[in-house]
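Coordinates as given in target.txt (compact mmCIF, C-alpha atoms):
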```txt
# COMPACT_ATOMS: atom_id res chain seq x y z
CA MET A 1 -30.68 100.61 190.10
CA ASP A 2 -31.09 104.13 191.43
CA ILE A 3 -29.43 106.32 188.82
CA GLN A 4 -29.08 109.79 190.25
CA LEU A 5 -27.29 111.37 187.32
CA ILE A 6 -26.04 110.46 183.88
CA ARG A 7 -23.47 113.13 183.13
CA ILE A 8 -21.46 114.19 180.11
CA ASP A 9 -18.16 115.63 181.36
CA ASP A 10 -14.96 115.39 179.34
CA ARG A 11 -12.94 115.52 182.57
CA LEU A 12 -14.80 112.42 183.78
CA ILE A 13 -14.08 111.94 187.50
CA HIS A 14 -12.86 115.19 189.08
CA GLY A 15 -13.67 117.62 191.88
CA GLN A 16 -17.02 118.85 190.55
CA VAL A 17 -18.20 115.26 190.45
CA VAL A 18 -16.79 113.72 193.63
CA ILE A 19 -17.08 116.79 195.83
CA GLY A 20 -19.87 118.70 194.11
CA TRP A 21 -22.42 116.22 192.82
CA ALA A 22 -21.60 113.08 194.81
CA GLY A 23 -21.65 115.04 198.08
CA TYR A 24 -24.88 116.82 197.17
CA LEU A 25 -26.68 113.66 196.05
CA LYS A 26 -25.15 111.41 198.74
CA THR A 27 -23.97 109.09 196.00
CA LYS A 28 -22.91 105.52 196.78
CA GLN A 29 -21.43 104.57 193.42
CA ILE A 30 -19.75 106.21 190.44
CA ILE A 31 -19.53 104.45 187.09
CA LEU A 32 -17.11 105.86 184.54
CA CYS A 33 -17.91 104.69 181.02
CA GLU A 34 -15.15 105.17 178.48
CA ASP A 35 -13.68 102.40 176.35
CA SER A 36 -10.16 103.83 176.21
CA VAL A 37 -9.99 104.17 180.02
CA ALA A 38 -11.48 100.72 180.56
CA GLN A 39 -8.74 99.23 178.40
CA ASN A 40 -5.85 101.09 180.02
CA GLU A 41 -4.76 99.85 183.46
CA TRP A 42 -2.79 103.01 184.25
CA GLU A 43 -5.75 105.31 183.48
CA LYS A 44 -8.11 103.04 185.40
CA GLU A 45 -5.91 103.11 188.47
CA LEU A 46 -5.59 106.91 188.27
CA TYR A 47 -9.34 107.52 188.12
CA LEU A 48 -10.17 104.92 190.76
CA SER A 49 -7.55 106.41 193.10
CA ILE A 50 -9.39 109.72 193.31
CA VAL A 51 -12.77 108.42 194.34
CA PRO A 52 -13.38 108.84 198.07
CA GLU A 53 -13.39 105.63 200.14
CA ASN A 54 -17.07 105.90 200.96
CA ILE A 55 -18.06 105.72 197.28
CA LYS A 56 -17.71 102.60 195.14
CA ALA A 57 -16.33 103.12 191.65
CA LYS A 58 -16.44 101.05 188.50
CA ILE A 59 -14.99 101.62 185.07
CA MET A 60 -16.89 100.07 182.19
CA THR A 61 -16.85 99.91 178.43
CA THR A 62 -19.88 101.22 176.57
CA ALA A 63 -21.06 97.68 175.86
CA GLU A 64 -20.71 96.68 179.51
CA LEU A 65 -22.63 99.74 180.73
CA ALA A 66 -25.41 99.22 178.18
CA GLU A 67 -25.84 95.67 179.48
CA TYR A 68 -25.69 96.91 183.08
CA LEU A 69 -28.39 99.50 182.41
CA ARG A 70 -30.60 96.98 180.62
CA ASP A 71 -30.35 94.62 183.60
CA SER A 72 -31.24 97.20 186.21
CA HIS A 73 -31.67 94.57 188.93
CA LEU A 74 -27.85 94.21 189.08
CA GLY A 75 -27.37 97.09 191.49
CA LEU A 76 -29.56 99.12 193.78
CA GLU A 77 -27.24 101.87 194.90
CA LYS A 78 -27.39 105.58 194.29
CA THR A 79 -25.25 105.95 191.19
CA ILE A 80 -23.68 108.66 189.05
CA ILE A 81 -22.73 107.60 185.52
CA LEU A 82 -20.05 109.58 183.70
CA VAL A 83 -19.29 109.71 180.00
CA ASN A 84 -17.19 112.20 178.08
CA SER A 85 -19.26 112.80 174.95
CA PRO A 86 -22.81 112.73 173.56
CA ARG A 87 -21.63 110.02 171.18
CA ILE A 88 -21.37 107.62 174.13
CA ILE A 89 -24.97 108.40 175.08
CA GLU A 90 -25.97 107.74 171.49
CA LYS A 91 -24.11 104.43 171.45
CA LEU A 92 -25.64 103.38 174.77
CA ILE A 93 -29.11 104.06 173.38
CA GLN A 94 -28.29 102.09 170.22
CA LEU A 95 -27.26 99.20 172.48
CA GLY A 96 -30.63 99.28 174.22
CA ALA A 97 -29.86 101.24 177.37
CA PRO A 98 -32.90 103.08 178.68
CA ILE A 99 -31.79 106.73 178.96
CA ASP A 100 -34.20 109.64 179.13
CA LYS A 101 -32.37 112.41 181.03
CA VAL A 102 -28.75 113.50 180.83
CA ASN A 103 -26.83 116.21 182.65
CA VAL A 104 -24.35 118.10 180.48
CA GLY A 105 -21.61 119.07 182.91
CA GLY A 106 -18.68 120.06 180.78
CA ILE A 107 -17.18 119.78 177.33
CA HIS A 108 -14.23 122.11 177.14
CA PHE A 109 -12.63 124.18 174.40
CA LYS A 110 -10.78 122.56 171.55
CA ASP A 111 -10.16 123.81 168.01
CA GLY A 112 -13.33 123.51 165.99
CA ARG A 113 -15.68 123.82 168.95
CA LYS A 114 -17.90 126.84 169.52
CA LYS A 115 -18.93 128.18 172.91
CA LEU A 116 -22.46 127.60 174.18
CA LEU A 117 -21.76 128.17 177.87
CA ASN A 118 -18.61 128.81 179.93
CA TYR A 119 -18.22 125.09 180.45
CA LEU A 120 -19.72 123.89 177.20
CA TYR A 121 -18.05 123.98 173.79
CA VAL A 122 -19.24 121.79 170.94
CA ASN A 123 -18.41 121.05 167.34
CA GLU A 124 -20.83 120.26 164.54
CA ASP A 125 -20.52 116.49 165.00
CA GLU A 126 -21.33 116.80 168.69
CA ILE A 127 -24.36 119.02 167.99
CA ALA A 128 -25.59 116.46 165.46
CA SER A 129 -25.12 113.69 168.02
CA PHE A 130 -27.03 115.66 170.67
CA LYS A 131 -29.86 116.28 168.19
CA ARG A 132 -30.12 112.60 167.28
CA CYS A 133 -30.41 111.74 170.98
CA ILE A 134 -33.06 114.44 171.49
CA ASP A 135 -35.02 112.98 168.58
CA LYS A 136 -34.96 109.67 170.43
CA GLY A 137 -36.50 111.31 173.50
CA VAL A 138 -33.44 112.19 175.58
CA GLU A 139 -33.65 115.42 177.56
CA PHE A 140 -30.33 117.22 178.12
CA ASP A 141 -29.93 119.80 180.88
CA CYS A 142 -26.72 121.80 181.17
CA GLN A 143 -25.55 122.31 184.74
CA ASP A 144 -21.93 122.08 185.86
CA VAL A 145 -22.45 122.05 189.64
CA PRO A 146 -25.56 121.31 191.72
CA LEU A 147 -26.48 124.85 192.77
CA CYS A 148 -25.89 126.54 189.41
CA LYS A 149 -28.61 127.39 186.94
CA ARG A 150 -29.90 124.53 184.82
CA THR A 151 -30.22 125.33 181.10
CA PRO A 152 -32.00 123.03 178.65
CA LEU A 153 -29.56 122.16 175.87
CA ARG A 154 -32.36 122.21 173.32
CA LYS A 155 -32.54 126.01 173.62
CA LEU A 156 -28.82 126.39 172.92
CA ILE A 157 -28.59 124.25 169.80
CA GLN A 158 -31.84 125.17 168.03
CA MET B 1 19.42 131.49 191.63
CA SER B 2 20.59 127.93 191.79
CA LYS B 3 22.53 125.67 189.47
CA LYS B 4 19.87 123.05 190.04
CA ASN B 5 17.64 122.59 187.07
CA TYR B 6 14.25 121.65 188.46
CA PHE B 7 11.10 122.61 186.59
CA THR B 8 8.53 123.83 189.11
CA ALA B 9 4.89 124.52 188.34
CA ILE B 10 1.74 125.24 190.29
CA ILE B 11 -1.44 124.05 188.56
CA THR B 12 -4.71 125.00 190.19
CA HIS B 13 -8.35 125.80 189.79
CA GLY B 14 -9.18 129.46 189.15
CA ASP B 15 -6.57 132.10 189.91
CA LEU B 16 -5.14 130.34 192.94
CA ALA B 17 -1.82 129.38 191.31
CA LYS B 18 -1.01 132.95 190.31
CA CYS B 19 -2.07 134.30 193.73
CA MET B 20 0.10 131.76 195.54
CA GLU B 21 3.11 132.56 193.38
CA ASP B 22 2.56 136.33 193.88
CA VAL B 23 2.25 135.96 197.65
CA SER B 24 5.29 133.71 197.94
CA LYS B 25 7.37 136.28 196.03
CA HIS B 26 6.47 138.88 198.64
CA LEU B 27 7.32 136.60 201.52
CA ILE B 28 10.67 135.24 200.46
CA VAL B 29 13.42 135.62 197.87
CA SER B 30 12.68 133.09 195.16
CA SER B 31 15.20 130.30 194.75
CA THR B 32 13.88 129.30 191.38
CA LYS B 33 11.31 130.34 188.81
CA ILE B 34 7.88 128.90 189.46
CA PHE B 35 5.53 128.57 186.51
CA TYR B 36 1.84 128.81 187.24
CA TYR B 37 -1.15 127.57 185.30
CA SER B 38 -4.85 128.11 185.86
CA ASN B 39 -7.56 125.84 184.52
CA LYS B 40 -9.70 128.99 184.31
CA LYS B 41 -7.43 130.69 181.77
CA LEU B 42 -6.35 127.64 179.78
CA THR B 43 -7.87 124.31 178.89
CA LEU B 44 -6.16 121.23 180.30
CA GLU B 45 -4.87 120.48 176.83
CA GLU B 46 -3.34 123.96 176.54
CA ILE B 47 -1.72 123.62 179.97
CA GLU B 48 -0.26 120.27 178.95
CA ASN B 49 1.09 121.75 175.71
CA GLU B 50 2.59 124.80 177.44
CA ILE B 51 4.28 122.64 180.06
CA ALA B 52 5.65 120.33 177.36
CA LYS B 53 7.10 123.36 175.54
CA GLU B 54 8.72 124.77 178.70
CA ARG B 55 10.16 121.43 179.75
CA GLU B 56 11.50 120.89 176.25
CA HIS B 57 13.20 124.28 176.51
CA TYR B 58 14.63 123.86 180.01
CA GLN B 59 15.41 120.13 179.86
CA PRO B 60 15.03 119.84 183.64
CA GLU B 61 16.65 117.03 185.60
CA LYS B 62 13.58 116.93 187.86
CA THR B 63 10.06 118.32 187.69
CA VAL B 64 7.58 119.04 190.44
CA PHE B 65 3.93 119.88 189.94
CA PHE B 66 2.15 121.48 192.87
CA VAL B 67 -1.59 120.94 192.62
CA ASP B 68 -4.36 122.34 194.82
CA LEU B 69 -6.81 119.47 195.04
CA VAL B 70 -6.04 115.75 194.98
CA GLY B 71 -8.54 114.19 192.60
CA GLY B 72 -9.32 117.42 190.76
CA SER B 73 -8.80 117.90 187.06
CA CYS B 74 -5.41 119.57 187.67
CA TRP B 75 -4.32 116.50 189.64
CA ILE B 76 -5.39 114.21 186.80
CA LEU B 77 -3.53 116.39 184.30
CA ALA B 78 -0.32 116.46 186.35
CA ASN B 79 -0.41 112.70 186.82
CA ARG B 80 -1.05 112.18 183.13
CA ILE B 81 2.12 114.18 182.36
CA LYS B 82 4.01 112.24 185.01
CA GLN B 83 2.81 108.80 183.91
CA ASN B 84 5.57 106.52 185.16
CA SER B 85 8.42 109.01 185.16
CA PRO B 86 10.41 108.87 188.42
CA ASP B 87 11.85 112.32 187.65
CA ILE B 88 8.46 113.99 187.95
CA ALA B 89 6.73 114.47 191.31
CA VAL B 90 3.12 115.50 191.76
CA ILE B 91 2.24 117.00 195.12
CA GLY B 92 -1.38 117.65 196.05
CA GLY B 93 -2.70 120.05 198.66
CA VAL B 94 -0.23 122.86 197.98
CA ASN B 95 -0.31 125.63 200.57
CA MET B 96 1.79 128.68 201.40
CA PRO B 97 4.02 126.96 204.00
CA MET B 98 4.84 124.34 201.37
CA LEU B 99 5.89 126.96 198.82
CA VAL B 100 7.89 128.96 201.35
CA SER B 101 9.65 125.78 202.44
CA TYR B 102 10.35 124.92 198.80
CA HIS B 103 12.16 128.23 198.24
CA LEU B 104 13.98 128.01 201.59
CA ASN B 105 15.24 124.49 201.04
CA TYR B 106 15.61 124.36 197.26
CA ASN B 107 19.37 124.83 197.27
CA ARG B 108 20.00 123.14 200.58
CA LEU B 109 18.46 119.72 200.14
CA ALA B 110 18.64 116.92 197.61
CA TRP B 111 15.52 116.09 195.59
CA ASN B 112 13.88 113.43 197.77
CA ALA B 113 14.78 115.20 201.00
CA LEU B 114 13.41 118.44 199.57
CA LEU B 115 10.08 116.86 198.73
CA ASP B 116 9.81 115.21 202.16
CA LYS B 117 10.71 118.47 203.87
CA ILE B 118 8.16 120.62 202.06
CA ILE B 119 5.36 118.13 202.73
CA SER B 120 6.33 118.01 206.38
CA ASP B 121 6.41 121.83 206.57
CA ALA B 122 3.08 122.10 204.79
CA LYS B 123 1.52 119.85 207.42
CA LYS B 124 3.16 121.82 210.23
CA GLY B 125 1.56 124.93 208.76
CA ILE B 126 -1.90 123.60 209.52
CA VAL B 127 -2.64 124.31 213.16
CA LYS B 128 -5.74 124.18 215.27
CA ARG B 129 -6.15 126.51 218.25
CA LEU B 130 -9.31 126.21 220.31
```

Kindly present the structure from the file in structure tokens form.
Amino acid sequence: MDIQLIRIDDRLIHGQVVIGWAGYLKTKQIILCEDSVAQNEWEKELYLSIVPENIKAKIMTTAELAEYLRDSHLGLEKTIILVNSPRIIEKLIQLGAPIDKVNVGGIHFKDGRKKLLNYLYVNEDEIASFKRCIDKGVEFDCQDVPLCKRTPLRKLIQ
Amino acid sequence: MSKKNYFTAIITHGDLAKCMEDVSKHLIVSSTKIFYYSNKKLTLEEIENEIAKEREHYQPEKTVFFVDLVGGSCWILANRIKQNSPDIAVIGGVNMPMLVSYHLNYNRLAWNALLDKIISDAKKGIVKRL
């Protein structure tokens, strides 16, 4: 499988992804990985309805995506994978998914989160989760849209 | 102002919602108050909370959300508020002709006819001359 981008974005599928990244990378497939969305027909339909016709879209649970990533012969298309939190990346790794690079595209303000970048706010639990992933060899680069500056997350959470 | 009690909001990326509301006020006498929300100034959660508070206060019979980009985060937010409510309409691709038409026809047309009319006028406002 040709994975173009594994992205953390708490808005999941939205304009920056389908217009920004998918257009820039000429993506053929988007996989949204979030258990609560995968188990909710209404949410699934909403997210699938906003993906352009020329791009395939799938919604998977964390367990399903981990299996999919382990069996990389299952698909050969240019793919963007979306999750909404570093904890999902951590869980995917625990389930054996081979992940070495992750784009951090957006985690927005909520009480208890501190600002690292205009599009990146994190709380202590999220920082700890990022650090555990880094210790396992994952490289996180912060970049909301394709032509903006890329900032290594490591520098921001030292 | 009208006796109709429709809650009207523009939700957009950046400052577009405020600009559109400002421009429409200079073009035409407003028929109703239009609330505007920017995903630049507020998080989606804050927008959702503010809208919930306003709707609780006004108890509207109908609600319409104008959104700039179908598929954008504002679109997702508006649809999440709507869920399955038939009294809430979400309209994507808002433009100035749509807003002008909304003010012009707000008091004149019933709900469904109003929504059809403003979409039709918005499309008519897009013209190609070569």

- [ ] Would you kindly report the residues of chain A within 12 Å of chain B, using only C-alpha atoms, as a VMD selection string?
- [x] chain A and resid 9 to 20 41 to 52 106 to 111 118 to 121

- [ ] Between A:Leu25, A:Ile8, A:Val37, A:Ala63, single out the one closest to Glu126 of chain A, counting only C-alpha atoms.
- [x]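 Checking each of A:Leu25, A:Ile8, A:Val37, A:Ala63 against Glu126 of chain A, counting only C-alpha atoms, the winner is A:Ile8.
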
Task: Interatomic distance (Å, one decimal) between atom CA of Arg108 of chain B and atom CA of Asn5 of chain B - done: 13.7 Å

Task: Within 7 Å of Ile81 of chain A using only C-alpha atoms, minus same-chain residues under 3 positions, as number ranges by chain - done: A: 5-7, 30-32

TODO: Around the point (-19.9, 106.4, 198.5) in the file's coordinates, collect all residues with an atom within 12 Å, using all atoms listed in the file, and return them as number ranges by chain.
DONE: A: 18-19, 21-31, 51-58, 77-80

Task: Nearest candidate to Ser24 of chain B (options B:Ala113, B:Ile81, B:Val100, B:Val64; using all atoms listed in the file) - done: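 Nearest to Ser24 of chain B: B:Val100.
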
TODO: Could you check which of B:Ile119, B:Leu114, B:Ala9, B:Met98 is closest to Thr63 of chain B, using only C-alpha atoms?
DONE: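 Ranked by minimum distance to Thr63 of chain B, first place goes to B:Ala9.
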
Export of segment 32-118 of chain A: C-alpha atoms, as an mmCIF file, in the first residue's frame:
```
data_model
loop_
_atom_site.group_PDB
_atom_site.id
_atom_site.type_symbol
_atom_site.label_atom_id
_atom_site.label_comp_id
_atom_site.auth_asym_id
_atom_site.auth_seq_id
_atom_site.Cartn_x
_atom_site.Cartn_y
_atom_site.Cartn_z
ATOM 1 C CA LEU A 32 -10.583 7.703 8.449
ATOM 2 C CA CYS A 33 -9.739 5.756 11.591
ATOM 3 C CA GLU A 34 -11.894 6.512 14.604
ATOM 4 C CA ASP A 35 -13.845 3.922 16.563
ATOM 5 C CA SER A 36 -16.739 6.219 17.492
ATOM 6 C CA VAL A 37 -17.266 7.266 13.851
ATOM 7 C CA ALA A 38 -16.952 3.684 12.604
ATOM 8 C CA GLN A 39 -19.725 2.648 14.970
ATOM 9 C CA ASN A 40 -22.106 5.490 14.135
ATOM 10 C CA GLU A 41 -23.933 5.234 10.797
ATOM 11 C CA TRP A 42 -24.946 8.898 10.786
ATOM 12 C CA GLU A 43 -21.369 10.122 11.343
ATOM 13 C CA LYS A 44 -20.053 7.677 8.761
ATOM 14 C CA GLU A 45 -22.485 8.896 6.153
ATOM 15 C CA LEU A 46 -21.635 12.541 6.913
ATOM 16 C CA TYR A 47 -17.884 12.054 6.501
ATOM 17 C CA LEU A 48 -18.202 9.839 3.434
ATOM 18 C CA SER A 49 -20.529 12.382 1.797
ATOM 19 C CA ILE A 50 -17.822 15.047 1.724
ATOM 20 C CA VAL A 51 -15.134 13.063 -0.030
ATOM 21 C CA PRO A 52 -14.893 13.964 -3.725
ATOM 22 C CA GLU A 53 -16.103 11.300 -6.173
ATOM 23 C CA ASN A 54 -12.639 10.689 -7.565
ATOM 24 C CA ILE A 55 -11.307 9.584 -4.172
ATOM 25 C CA LYS A 56 -12.297 6.353 -2.435
ATOM 26 C CA ALA A 57 -13.022 6.599 1.269
ATOM 27 C CA LYS A 58 -13.140 4.054 4.053
ATOM 28 C CA ILE A 59 -13.924 4.379 7.721
ATOM 29 C CA MET A 60 -12.231 1.875 10.002
ATOM 30 C CA THR A 61 -11.855 1.066 13.659
ATOM 31 C CA THR A 62 -8.365 1.143 15.136
ATOM 32 C CA ALA A 63 -8.222 -2.655 15.146
ATOM 33 C CA GLU A 64 -9.300 -2.856 11.507
ATOM 34 C CA LEU A 65 -6.724 -0.277 10.409
ATOM 35 C CA ALA A 66 -3.933 -1.985 12.348
ATOM 36 C CA GLU A 67 -4.747 -5.223 10.532
ATOM 37 C CA TYR A 68 -4.956 -3.372 7.211
ATOM 38 C CA LEU A 69 -1.546 -1.782 7.754
ATOM 39 C CA ARG A 70 0.007 -5.098 8.779
ATOM 40 C CA ASP A 71 -1.300 -6.718 5.598
ATOM 41 C CA SER A 72 -0.013 -4.065 3.243
ATOM 42 C CA HIS A 73 -0.726 -6.184 0.158
ATOM 43 C CA LEU A 74 -4.462 -5.441 0.620
ATOM 44 C CA GLY A 75 -4.357 -2.165 -1.263
ATOM 45 C CA LEU A 76 -1.966 -0.437 -3.599
ATOM 46 C CA GLU A 77 -3.473 2.994 -3.925
ATOM 47 C CA LYS A 78 -2.144 6.349 -2.854
ATOM 48 C CA THR A 79 -3.678 6.740 0.589
ATOM 49 C CA ILE A 80 -4.091 9.352 3.306
ATOM 50 C CA ILE A 81 -4.863 7.976 6.774
ATOM 51 C CA LEU A 82 -6.590 10.261 9.267
ATOM 52 C CA VAL A 83 -6.806 9.929 13.028
ATOM 53 C CA ASN A 84 -7.810 12.520 15.592
ATOM 54 C CA SER A 85 -5.291 11.962 18.382
ATOM 55 C CA PRO A 86 -1.781 10.665 19.127
ATOM 56 C CA ARG A 87 -3.409 8.007 21.286
ATOM 57 C CA ILE A 88 -4.736 6.338 18.125
ATOM 58 C CA ILE A 89 -1.219 6.261 16.685
ATOM 59 C CA GLU A 90 -0.023 4.719 19.929
ATOM 60 C CA LYS A 91 -2.770 2.097 19.844
ATOM 61 C CA LEU A 92 -2.048 1.276 16.195
ATOM 62 C CA ILE A 93 1.618 0.714 17.056
ATOM 63 C CA GLN A 94 0.635 -1.485 20.014
ATOM 64 C CA LEU A 95 -1.475 -3.532 17.593
ATOM 65 C CA GLY A 96 1.520 -4.069 15.333
ATOM 66 C CA ALA A 97 0.984 -1.442 12.652
ATOM 67 C CA PRO A 98 4.253 -0.309 11.103
ATOM 68 C CA ILE A 99 4.259 3.493 11.512
ATOM 69 C CA ASP A 100 7.382 5.607 11.325
ATOM 70 C CA LYS A 101 6.248 9.072 10.162
ATOM 71 C CA VAL A 102 3.174 11.061 11.122
ATOM 72 C CA ASN A 103 1.941 14.476 10.030
ATOM 73 C CA VAL A 104 0.426 16.557 12.831
ATOM 74 C CA GLY A 105 -2.171 18.660 11.057
ATOM 75 C CA GLY A 106 -4.386 20.019 13.770
ATOM 76 C CA ILE A 107 -5.462 19.551 17.354
ATOM 77 C CA HIS A 108 -7.536 22.531 18.357
ATOM 78 C CA PHE A 109 -8.087 24.432 21.579
ATOM 79 C CA LYS A 110 -9.966 22.909 24.463
ATOM 80 C CA ASP A 111 -9.751 23.629 28.185
ATOM 81 C CA GLY A 112 -6.582 22.112 29.576
ATOM 82 C CA ARG A 113 -4.637 22.283 26.334
ATOM 83 C CA LYS A 114 -1.700 24.627 25.800
ATOM 84 C CA LYS A 115 -0.748 26.216 22.506
ATOM 85 C CA LEU A 116 2.257 24.921 20.582
ATOM 86 C CA LEU A 117 1.308 26.312 17.173
ATOM 87 C CA ASN A 118 -1.731 28.154 15.791
#
```
